[in-house]
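I have placed the structure first, in the form of structure tokens, so that the comments after it can refer back to it.
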Amino acid sequence: MVSMFPWRAAARRRLLLPPPALAAARRGRSALPAALLRRGGLVGGRWVEAAAAFPVRDPASGTELGRVADCGAAEARAAVRAANGAGAAWSRLPAKERSALLRKWYDLMIENKDDLATIITAENGKPLKEAQGEVLYSASFLEWFSEEARRVYGDVIPAAVKDRRILVLKQPVGVAAIITPWNFPSAMITRKVGAALAAGCTVVVKPAEDTPFSALALGELANQAGIPAGVYNVVPCSRQQAPAVGEVLCTDPLVAKISFTGSTATGKILLKHAAGTVKRVSMELGGHAPFIVFDSANVDRAVAGALASKYRNSGQTCVCTNRFLVQKGIHDKFVEKFAKAIESQLHVGNGFDAKTTQGPLINEKAVEKVERHISDAVSQGASIVTGGKRHSLGKNFFEPTLLSNVTTKMLCTQEETFGPLAPVIKFETEEEAIAIANAANVGLAGYFYSQDPAQIWRVAEQLEVGMVGVNEGIISSVESPFGGVKQSGLGREGSKYGIDEYLEIKYVCFGGL
């Protein structure tokens with residue numbers, strides 16, 4: 001680890017000492033793989049320390065997994081300067097060479113997929129099988145954008161006069177600040193960074209304070225892949241330092257682009273900061289996904305889709321269903337089968353246990369929000385069909401819960417729960433369902449089940465969301481554009497459109513011909 005700040009030698013020594021809890025973890029099922037374990041920031045290709053370090057904890061047990069450099073404004077500015085310094089050479093590198101480096105990074109992720117998944121489960125808590133799926137999903141963005149790097153095409157436009165030619169060039173925007181959440185600590189990084197690097201941009205990543213080890217492991221693999229120093233930088237920080245680091249990334253004039261995934265409230269703060277220097281922004285913000293089951297639906301398929309859409313990562317995804325709307329004629333049958341599926345197919349436990357499908361929530365604050373939503377709903381007449389309380393395993397574990405007799409006046413239908421709570425609203429007409437679904441001020445994803453072709457077209461076109469699942473509960477894929485409407489954000493990630501978020505269009509008029 002190389003010091004960029006000589007007066008921090010003591011902090012450097014602290015970071016290099018293995019914490020006792022980490023040594024203990026190595027003897028248990030949540031051991032962090034030493035080959036990819038990094039605890040400093042990554043700035044200009046070097047691992048650097050900060051004046052202090054903050055703990056990262058296993059949400060399943062509360063055990064400290066390790067301490068990570070608590071970067072502040074100074075480190076953030078240094079990372080921005082490093083990214084800016086590397087930008088000119090990276091942007092001039094032939095697209096084929098950028099493509100090859102991204103592909104090498106992808107190959108290394110696949111080679112280290114088990115270690116990467118172990119890190120995700122240890123710091124995030126999700127079941128190991130889900131973590132393994134995330135690693136493959138995460139790596140696929142590097143693969144996809146390694147290919148897209150060679151397909152950034154310009155244009156030639158016929159001119160109105162004979163001695164001119166009109167050309168359109170696409171060029172990288174510059175330094176991109178990447179701010180990511182804890183629920184997908186690897187995939188949310190590569191979905192942004194893959195596109196940015198393919199376009200010729202350099203990046204500074206600020207990972208969530210709960211899950212920095214995944215971002216740092218990606219940094220280690222980026223170094224191994226030969227990604228040039230300063231192209232991929234990471235500034236981990238505690239919740240206390242996050243406002244200062246975020247402000248630097250959003251206000252520094254050397255930063256040209258902000259890409260953020262997180263809450264709508266935080267996104268609005270970042271937008272205000274970014275407005276001062278009129279930065280390009282991509283925002284993937286909160287969701288409040290409706291899941292509509294019409295009378296014509298195949299109930300068994302709808303239940304399977306509901307289970308996948310609601311309870312993946314214990315309900316902690318931005319595209320998780322937050323409101324179930326079930327038509328009157330099929331309501332009771334759906335609720336009965338859904339309850340049986342929850343009770344028979346979902347198993348709460350430590351993410352490293354093979355049978356676990358539901359890990360812990362990320363922290364006690366998340367559990368308290370689920371409890372608050374259930375309490376409010378029950379106080380207004382909702383019924384607990386199954387679940388409804390904390391699990392006996394520990395304070396961050398919660399029973400998968402199903403509520404019936406839910407109305408639109410309850411908090412769980414007005415706010416994103418981000419937990420294992422499924423509230424079911426009964427409706428009578430298609431128009432009523434659409435009105436309820438579209439009443440939210442956000443619109444990320446929406447789902448519905450129907451076997452009526454005309455209805456499928458009507459509802460898919462009328463739902464005010466950026467992504468629609470028709471008879472499908474899992475919709476994310478590298479080939480598809482990910483993003484929302486209303487207050488769910490700006491821009492799209494993944495797909496052939498994702499790289500455009502990191503490109504400027506330049507018009508060249510070539511005259512005197």
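Labels used: A, B, ... for chains in the order of the structure tokens, numbers from 1 for residues in each chain, and numbers from 1 for ligands as shown.
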
What lies within 10 Å of Asp452 of chain A using only C-alpha atoms, ignoring chain neighbours under 6 positions off, as number ranges by chain?
A: 294-297

As an MDAnalysis selection string, please: every residue in segment 61-174 of chain A that a backbone DSSP assignment puts in alpha helix (DSSP H).
chainID A and resid 73:92 95:111 113:124 128:148

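By chain and then residue number, the residues within 12 Å of Phe54 of chain A are Ala11, Arg14, Leu15, Pro19, Arg39, Gly40, Glu49, Ala50, Ala51, Arg57, Glu64, Leu65, Gly66, Arg67, Val68, Ala69, Asp70, Cys71, Gly72, Glu209, Asp210, Thr211, Pro212, Pro236, Cys237, Ser238, Arg239, Gln240 and Gln241 of chain A, counting only C-alpha atoms and disregarding those fewer than 3 positions away in sequence.
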
Quick one, how far is atom CA of Phe213 of chain A from atom CA of Arg98 of chain A?
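So the answer is 25.2 Å.
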
Test item: residues at most 8 Å from segment 322-327 of chain A, only C-alpha atoms, excluding those fewer than 4 positions along its chain, as an mmCIF file with N, CA, C and O atoms, in the first residue's frame:
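around_10.cif was written with the following content:
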data_model
loop_
_atom_site.group_PDB
_atom_site.id
_atom_site.type_symbol
_atom_site.label_atom_id
_atom_site.label_comp_id
_atom_site.auth_asym_id
_atom_site.auth_seq_id
_atom_site.Cartn_x
_atom_site.Cartn_y
_atom_site.Cartn_z
ATOM 1 N N HIS A 288 -41.489 1.327 -6.880
ATOM 2 C CA HIS A 288 -42.689 1.017 -6.095
ATOM 3 C C HIS A 288 -43.540 0.087 -6.956
ATOM 4 O O HIS A 288 -44.708 0.334 -7.205
ATOM 5 N N ALA A 289 -42.901 -0.988 -7.412
ATOM 6 C CA ALA A 289 -43.437 -1.785 -8.509
ATOM 7 C C ALA A 289 -44.787 -2.424 -8.202
ATOM 8 O O ALA A 289 -44.933 -3.120 -7.188
ATOM 9 N N PRO A 290 -45.760 -2.234 -9.093
ATOM 10 C CA PRO A 290 -47.020 -2.967 -8.986
ATOM 11 C C PRO A 290 -46.903 -4.340 -9.660
ATOM 12 O O PRO A 290 -46.142 -4.513 -10.612
ATOM 13 N N PHE A 291 -47.654 -5.295 -9.159
ATOM 14 C CA PHE A 291 -47.729 -6.646 -9.734
ATOM 15 C C PHE A 291 -49.217 -6.960 -9.836
ATOM 16 O O PHE A 291 -49.879 -7.205 -8.831
ATOM 17 N N ILE A 292 -49.735 -6.914 -11.057
ATOM 18 C CA ILE A 292 -51.173 -7.052 -11.275
ATOM 19 C C ILE A 292 -51.486 -8.464 -11.767
ATOM 20 O O ILE A 292 -50.852 -8.951 -12.701
ATOM 21 N N VAL A 293 -52.469 -9.089 -11.137
ATOM 22 C CA VAL A 293 -52.916 -10.417 -11.559
ATOM 23 C C VAL A 293 -54.375 -10.302 -11.994
ATOM 24 O O VAL A 293 -55.260 -10.049 -11.155
ATOM 25 N N PHE A 294 -54.602 -10.464 -13.292
ATOM 26 C CA PHE A 294 -55.953 -10.368 -13.828
ATOM 27 C C PHE A 294 -56.654 -11.728 -13.770
ATOM 28 O O PHE A 294 -56.012 -12.783 -13.660
ATOM 29 N N ASP A 295 -57.975 -11.696 -13.875
ATOM 30 C CA ASP A 295 -58.762 -12.925 -13.786
ATOM 31 C C ASP A 295 -58.349 -13.968 -14.813
ATOM 32 O O ASP A 295 -58.489 -15.174 -14.575
ATOM 33 N N LYS A 310 -40.865 -10.744 -5.669
ATOM 34 C CA LYS A 310 -40.942 -10.110 -4.354
ATOM 35 C C LYS A 310 -39.785 -10.467 -3.438
ATOM 36 O O LYS A 310 -39.221 -9.605 -2.757
ATOM 37 N N HIS A 331 -58.742 -13.530 -6.718
ATOM 38 C CA HIS A 331 -58.035 -13.052 -5.536
ATOM 39 C C HIS A 331 -57.804 -14.133 -4.485
ATOM 40 O O HIS A 331 -56.672 -14.392 -4.056
ATOM 41 N N PHE A 334 -55.440 -16.919 -5.512
ATOM 42 C CA PHE A 334 -54.048 -16.454 -5.590
ATOM 43 C C PHE A 334 -53.441 -16.326 -4.197
ATOM 44 O O PHE A 334 -52.310 -16.801 -3.946
ATOM 45 N N CYS A 412 -47.604 0.738 3.362
ATOM 46 C CA CYS A 412 -46.931 -0.249 2.519
ATOM 47 C C CYS A 412 -47.329 -0.141 1.056
ATOM 48 O O CYS A 412 -46.649 -0.700 0.192
ATOM 49 N N THR A 413 -48.401 0.578 0.749
ATOM 50 C CA THR A 413 -48.789 0.802 -0.645
ATOM 51 C C THR A 413 -48.418 2.203 -1.123
ATOM 52 O O THR A 413 -48.659 2.548 -2.273
ATOM 53 N N GLU A 416 -41.910 2.587 -0.702
ATOM 54 C CA GLU A 416 -41.151 1.389 -1.025
ATOM 55 C C GLU A 416 -40.678 0.746 0.279
ATOM 56 O O GLU A 416 -39.964 1.366 1.061
ATOM 57 N N THR A 417 -41.074 -0.519 0.504
ATOM 58 C CA THR A 417 -40.717 -1.196 1.755
ATOM 59 C C THR A 417 -39.264 -1.638 1.761
ATOM 60 O O THR A 417 -38.552 -1.496 2.748
ATOM 61 N N PHE A 418 -38.798 -2.212 0.668
ATOM 62 C CA PHE A 418 -37.434 -2.751 0.564
ATOM 63 C C PHE A 418 -37.219 -3.847 1.599
ATOM 64 O O PHE A 418 -36.211 -3.873 2.317
ATOM 65 N N LEU A 421 -41.999 -8.116 2.432
ATOM 66 C CA LEU A 421 -43.416 -7.860 2.725
ATOM 67 C C LEU A 421 -44.208 -7.779 1.430
ATOM 68 O O LEU A 421 -43.885 -6.977 0.551
ATOM 69 N N ALA A 422 -45.252 -8.604 1.328
ATOM 70 C CA ALA A 422 -46.106 -8.631 0.133
ATOM 71 C C ALA A 422 -47.532 -8.247 0.505
ATOM 72 O O ALA A 422 -48.285 -9.076 1.037
ATOM 73 N N PRO A 423 -47.948 -7.003 0.254
ATOM 74 C CA PRO A 423 -49.322 -6.597 0.527
ATOM 75 C C PRO A 423 -50.207 -6.809 -0.711
ATOM 76 O O PRO A 423 -49.818 -6.474 -1.826
ATOM 77 N N VAL A 424 -51.402 -7.379 -0.511
ATOM 78 C CA VAL A 424 -52.295 -7.690 -1.630
ATOM 79 C C VAL A 424 -53.552 -6.824 -1.564
ATOM 80 O O VAL A 424 -54.257 -6.812 -0.546
ATOM 81 N N ILE A 425 -53.794 -6.116 -2.660
ATOM 82 C CA ILE A 425 -54.981 -5.270 -2.815
ATOM 83 C C ILE A 425 -55.936 -5.955 -3.791
ATOM 84 O O ILE A 425 -55.535 -6.373 -4.869
ATOM 85 N N LYS A 426 -57.199 -6.023 -3.435
ATOM 86 C CA LYS A 426 -58.211 -6.605 -4.328
ATOM 87 C C LYS A 426 -58.796 -5.497 -5.205
ATOM 88 O O LYS A 426 -59.104 -4.404 -4.715
ATOM 89 N N PHE A 427 -58.928 -5.763 -6.516
ATOM 90 C CA PHE A 427 -59.540 -4.775 -7.408
ATOM 91 C C PHE A 427 -60.587 -5.461 -8.278
ATOM 92 O O PHE A 427 -60.626 -6.695 -8.390
ATOM 93 N N GLU A 428 -61.426 -4.635 -8.932
ATOM 94 C CA GLU A 428 -62.516 -5.189 -9.739
ATOM 95 C C GLU A 428 -62.310 -5.019 -11.232
ATOM 96 O O GLU A 428 -62.570 -5.942 -12.008
ATOM 97 N N THR A 429 -61.835 -3.849 -11.693
ATOM 98 C CA THR A 429 -61.737 -3.596 -13.128
ATOM 99 C C THR A 429 -60.308 -3.277 -13.544
ATOM 100 O O THR A 429 -59.478 -2.855 -12.724
ATOM 101 N N ALA A 433 -57.234 -1.016 -11.663
ATOM 102 C CA ALA A 433 -55.860 -1.496 -11.436
ATOM 103 C C ALA A 433 -54.837 -0.534 -12.027
ATOM 104 O O ALA A 433 -53.818 -0.226 -11.389
#

Based on the backbone DSSP call, show me all residues of segment 261-494 of chain A assigned strand (DSSP E or B), as a PyMOL selection string.
chain A and resi 261+280-284+289-293+321-327+348+358+383-386+390+398+401-404+421-427+442-443+445-449+467-470+482+485-486+489-490+493

Enumerate, in order of chain and increasing residue number, the residues of segment 124-208 of chain A with an atom no farther than 8 Å from segment 479-500 of chain A, each with its shortest atom pair and distance in Å to one decimal, counting only C-alpha atoms, as a Markdown table.
| residue | atom | partner | partner_atom | distance |
| --- | --- | --- | --- | --- |
| A:Phe141 | CA | A:Gly494 | CA | 7.2 |
| A:Trp144 | CA | A:Glu479 | CA | 8.0 |
| A:Phe145 | CA | A:Ile499 | CA | 7.7 |
| A:Glu148 | CA | A:Lys496 | CA | 7.2 |
| A:Arg191 | CA | A:Gly494 | CA | 6.1 |
| A:Lys192 | CA | A:Glu493 | CA | 7.0 |
| A:Ala195 | CA | A:Ile499 | CA | 4.8 |
| A:Ala196 | CA | A:Ile499 | CA | 6.8 |
| A:Ala198 | CA | A:Ile499 | CA | 7.4 |
| A:Ala199 | CA | A:Ile499 | CA | 6.3 |

So that I have them on file, write out the residues from the current selection with N, CA, C and O atoms, as a tab-separated table (two decimals), in the first residue's frame.
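Okay, this is what ended up in out-v9.tsv:
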chain	number	residue	atom	x	y	z
A	141	PHE	N	-21.78	-7.62	-17.85
A	141	PHE	CA	-21.75	-6.22	-18.31
A	141	PHE	C	-20.36	-5.86	-18.85
A	141	PHE	O	-20.26	-5.08	-19.81
A	144	TRP	N	-20.37	-7.57	-22.25
A	144	TRP	CA	-21.25	-6.85	-23.19
A	144	TRP	C	-20.60	-5.56	-23.67
A	144	TRP	O	-20.54	-5.28	-24.88
A	145	PHE	N	-20.13	-4.76	-22.73
A	145	PHE	CA	-19.58	-3.46	-23.13
A	145	PHE	C	-18.19	-3.58	-23.74
A	145	PHE	O	-17.76	-2.66	-24.46
A	148	GLU	N	-19.49	-3.68	-27.12
A	148	GLU	CA	-20.07	-2.40	-27.54
A	148	GLU	C	-19.01	-1.33	-27.77
A	148	GLU	O	-19.22	-0.37	-28.52
A	191	ARG	N	-22.27	-2.46	-14.33
A	191	ARG	CA	-23.25	-1.97	-15.29
A	191	ARG	C	-22.95	-0.52	-15.68
A	191	ARG	O	-23.20	-0.11	-16.82
A	192	LYS	N	-22.40	0.23	-14.76
A	192	LYS	CA	-22.04	1.61	-15.04
A	192	LYS	C	-20.62	1.72	-15.59
A	192	LYS	O	-20.37	2.37	-16.61
A	195	ALA	N	-19.85	0.41	-19.23
A	195	ALA	CA	-20.25	1.36	-20.27
A	195	ALA	C	-19.30	2.55	-20.33
A	195	ALA	O	-18.90	3.00	-21.41
A	196	ALA	N	-18.93	3.07	-19.15
A	196	ALA	CA	-18.06	4.24	-19.11
A	196	ALA	C	-16.70	3.96	-19.73
A	196	ALA	O	-16.21	4.72	-20.57
A	198	ALA	N	-15.86	1.53	-21.76
A	198	ALA	CA	-16.01	1.21	-23.18
A	198	ALA	C	-16.09	2.49	-24.01
A	198	ALA	O	-15.55	2.56	-25.12
A	199	ALA	N	-16.76	3.51	-23.46
A	199	ALA	CA	-16.90	4.77	-24.18
A	199	ALA	C	-15.61	5.58	-24.20
A	199	ALA	O	-15.49	6.53	-25.00

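Residue nearest Lys389 of chain A, chosen from A:Glu432, A:Glu371, A:Glu130, A:Asp376 and counting only C-alpha atoms: A:Glu371.
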
A:Ala435, A:Leu169, A:Cys250, A:Val367 ranked by distance to Gly154 of chain A, top pick (using only C-alpha atoms)
A:Leu169

For segment 222-224 of chain A: contacts at 10 Å, only C-alpha atoms, fewer than 4 positions along chain excluded, given as a ChimeraX atom specification:
/A:42,45-46,101-102,104-106,108-109,216-218,228-229,231-233

Shortest contact to Gly44 of chain A, candidates A:Arg372, A:Lys333, A:Lys272, A:Arg77, atoms counted only C-alpha atoms, goes to A:Arg77

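From atom CA of Thr251 of chain A back to atom CA of Gly276 of chain A, the distance works out to 6.9 Å.
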
Which residues, written as number ranges by chain, have at least one atom at most 10 Å from Gly246 of chain A, with only C-alpha atoms counted and residues fewer than 2 positions away on the same chain left out?
A: 72-73, 76, 177-179, 206, 241-244, 248-251, 269-270, 273

Preceding selection exported with all heavy atoms as a short mmCIF file (atom, residue, chain, number, x, y, z; two decimals), in the first residue's frame:
data_model
loop_
_atom_site.label_atom_id
_atom_site.label_comp_id
_atom_site.auth_asym_id
_atom_site.auth_seq_id
_atom_site.Cartn_x
_atom_site.Cartn_y
_atom_site.Cartn_z
N GLY A 72 -12.12 10.54 2.63
CA GLY A 72 -12.85 11.78 2.77
C GLY A 72 -12.72 12.64 1.53
O GLY A 72 -12.38 12.17 0.44
N ALA A 73 -12.94 13.94 1.71
CA ALA A 73 -12.90 14.86 0.59
C ALA A 73 -11.53 14.88 -0.08
O ALA A 73 -11.43 14.96 -1.32
CB ALA A 73 -13.28 16.26 1.05
N ALA A 76 -11.12 11.85 -2.24
CA ALA A 76 -12.03 11.95 -3.39
C ALA A 76 -11.45 12.88 -4.46
O ALA A 76 -11.48 12.57 -5.65
CB ALA A 76 -13.40 12.44 -2.94
N ALA A 177 -18.29 10.01 -12.17
CA ALA A 177 -18.40 9.61 -10.77
C ALA A 177 -19.51 8.57 -10.66
O ALA A 177 -20.63 8.80 -11.11
CB ALA A 177 -18.71 10.82 -9.89
N ILE A 178 -19.19 7.43 -10.07
CA ILE A 178 -20.10 6.30 -10.00
C ILE A 178 -20.43 6.05 -8.52
O ILE A 178 -19.55 5.70 -7.73
CB ILE A 178 -19.45 5.03 -10.59
CG1 ILE A 178 -18.90 5.30 -12.00
CG2 ILE A 178 -20.41 3.87 -10.57
CD1 ILE A 178 -19.94 5.65 -13.03
N ILE A 179 -21.69 6.22 -8.15
CA ILE A 179 -22.12 6.07 -6.76
C ILE A 179 -23.12 4.93 -6.72
O ILE A 179 -24.18 5.00 -7.34
CB ILE A 179 -22.72 7.38 -6.22
CG1 ILE A 179 -21.71 8.53 -6.38
CG2 ILE A 179 -23.12 7.21 -4.76
CD1 ILE A 179 -22.26 9.88 -6.00
N LYS A 206 -17.68 5.38 -5.79
CA LYS A 206 -17.94 5.44 -4.34
C LYS A 206 -18.95 4.34 -4.01
O LYS A 206 -20.14 4.49 -4.25
CB LYS A 206 -18.49 6.79 -3.89
CG LYS A 206 -18.48 6.94 -2.36
CD LYS A 206 -19.58 7.82 -1.82
CE LYS A 206 -20.87 7.10 -1.61
NZ LYS A 206 -20.84 6.02 -0.57
N GLN A 241 -18.73 10.11 6.35
CA GLN A 241 -17.94 10.81 5.33
C GLN A 241 -18.68 10.91 3.98
O GLN A 241 -18.27 11.67 3.11
CB GLN A 241 -16.62 10.08 5.10
CG GLN A 241 -15.63 10.19 6.25
CD GLN A 241 -14.88 11.51 6.24
OE1 GLN A 241 -15.33 12.50 5.67
NE2 GLN A 241 -13.72 11.54 6.88
N ALA A 242 -19.75 10.15 3.83
CA ALA A 242 -20.42 10.08 2.53
C ALA A 242 -20.89 11.45 2.00
O ALA A 242 -20.71 11.74 0.80
CB ALA A 242 -21.60 9.11 2.60
N PRO A 243 -21.48 12.31 2.82
CA PRO A 243 -21.90 13.61 2.28
C PRO A 243 -20.74 14.42 1.70
O PRO A 243 -20.87 15.04 0.64
CB PRO A 243 -22.52 14.32 3.49
CG PRO A 243 -22.98 13.20 4.38
CD PRO A 243 -21.93 12.13 4.22
N ALA A 244 -19.59 14.42 2.40
CA ALA A 244 -18.44 15.19 1.91
C ALA A 244 -17.89 14.61 0.62
O ALA A 244 -17.57 15.35 -0.33
CB ALA A 244 -17.35 15.24 2.98
N VAL A 248 -17.98 16.36 -3.23
CA VAL A 248 -16.81 16.53 -4.10
C VAL A 248 -17.08 15.95 -5.48
O VAL A 248 -16.83 16.58 -6.51
CB VAL A 248 -15.57 15.86 -3.48
CG1 VAL A 248 -14.43 15.77 -4.51
CG2 VAL A 248 -15.09 16.64 -2.26
N LEU A 249 -17.60 14.73 -5.51
CA LEU A 249 -17.82 14.07 -6.79
C LEU A 249 -18.85 14.80 -7.64
O LEU A 249 -18.80 14.74 -8.87
CB LEU A 249 -18.26 12.62 -6.55
CG LEU A 249 -17.24 11.71 -5.86
CD1 LEU A 249 -17.80 10.32 -5.70
CD2 LEU A 249 -15.93 11.68 -6.63
N CYS A 250 -19.80 15.46 -6.99
CA CYS A 250 -20.86 16.15 -7.74
C CYS A 250 -20.54 17.60 -8.08
O CYS A 250 -21.24 18.20 -8.90
CB CYS A 250 -22.17 16.10 -6.95
SG CYS A 250 -22.91 14.47 -6.87
N THR A 251 -19.52 18.16 -7.44
CA THR A 251 -19.23 19.59 -7.68
C THR A 251 -17.88 19.84 -8.33
O THR A 251 -17.67 20.91 -8.92
CB THR A 251 -19.28 20.38 -6.36
OG1 THR A 251 -18.32 19.84 -5.43
CG2 THR A 251 -20.67 20.30 -5.74
N ILE A 269 -30.72 15.26 -3.95
CA ILE A 269 -29.61 16.03 -3.37
C ILE A 269 -28.43 16.09 -4.34
O ILE A 269 -27.84 17.15 -4.57
CB ILE A 269 -29.18 15.41 -2.02
CG1 ILE A 269 -30.30 15.55 -0.99
CG2 ILE A 269 -27.89 16.06 -1.52
CD1 ILE A 269 -30.05 14.77 0.30
N LEU A 270 -28.11 14.93 -4.93
CA LEU A 270 -27.00 14.89 -5.87
C LEU A 270 -27.29 15.73 -7.11
O LEU A 270 -26.39 16.39 -7.66
CB LEU A 270 -26.70 13.44 -6.27
CG LEU A 270 -26.28 12.50 -5.13
CD1 LEU A 270 -26.03 11.10 -5.66
CD2 LEU A 270 -25.05 13.03 -4.41
N HIS A 273 -26.49 19.31 -6.33
CA HIS A 273 -25.05 19.55 -6.36
C HIS A 273 -24.53 19.59 -7.80
O HIS A 273 -23.70 20.45 -8.14
CB HIS A 273 -24.31 18.45 -5.59
CG HIS A 273 -24.42 18.55 -4.10
ND1 HIS A 273 -24.26 19.74 -3.42
CD2 HIS A 273 -24.65 17.60 -3.15
CE1 HIS A 273 -24.39 19.53 -2.13
NE2 HIS A 273 -24.63 18.24 -1.93
#

Please provide the set of residues having any atom within 8 Å of Leu346 of chain A, restricted to only C-alpha atoms, with same-chain residues fewer than 5 positions apart removed, written as a short mmCIF file (atom, residue, chain, number, x, y, z; two decimals) with N, CA and C atoms, in the first residue's frame.
data_model
loop_
_atom_site.label_atom_id
_atom_site.label_comp_id
_atom_site.auth_asym_id
_atom_site.auth_seq_id
_atom_site.Cartn_x
_atom_site.Cartn_y
_atom_site.Cartn_z
N ALA A 341 -46.91 -21.24 -1.11
CA ALA A 341 -45.59 -21.18 -1.74
C ALA A 341 -44.56 -20.52 -0.83
N THR A 356 -30.74 -21.98 2.36
CA THR A 356 -31.27 -20.63 2.56
C THR A 356 -31.72 -19.98 1.26
N THR A 357 -32.92 -19.43 1.27
CA THR A 357 -33.40 -18.60 0.16
C THR A 357 -33.61 -17.15 0.60
N GLN A 358 -33.68 -16.92 1.90
CA GLN A 358 -33.90 -15.58 2.46
C GLN A 358 -32.82 -15.29 3.49
N PRO A 400 -40.67 -13.91 5.85
CA PRO A 400 -41.39 -13.51 4.63
C PRO A 400 -42.87 -13.35 4.96
#

Option closest in space to Gly443 of chain A, from A:Gly267, A:Gly85, A:Gly394, A:Gly287 [counting only C-alpha atoms]:
A:Gly287

Computed gap from atom CA of Gln414 of chain A to atom CA of His391 of chain A is 25.1 Å
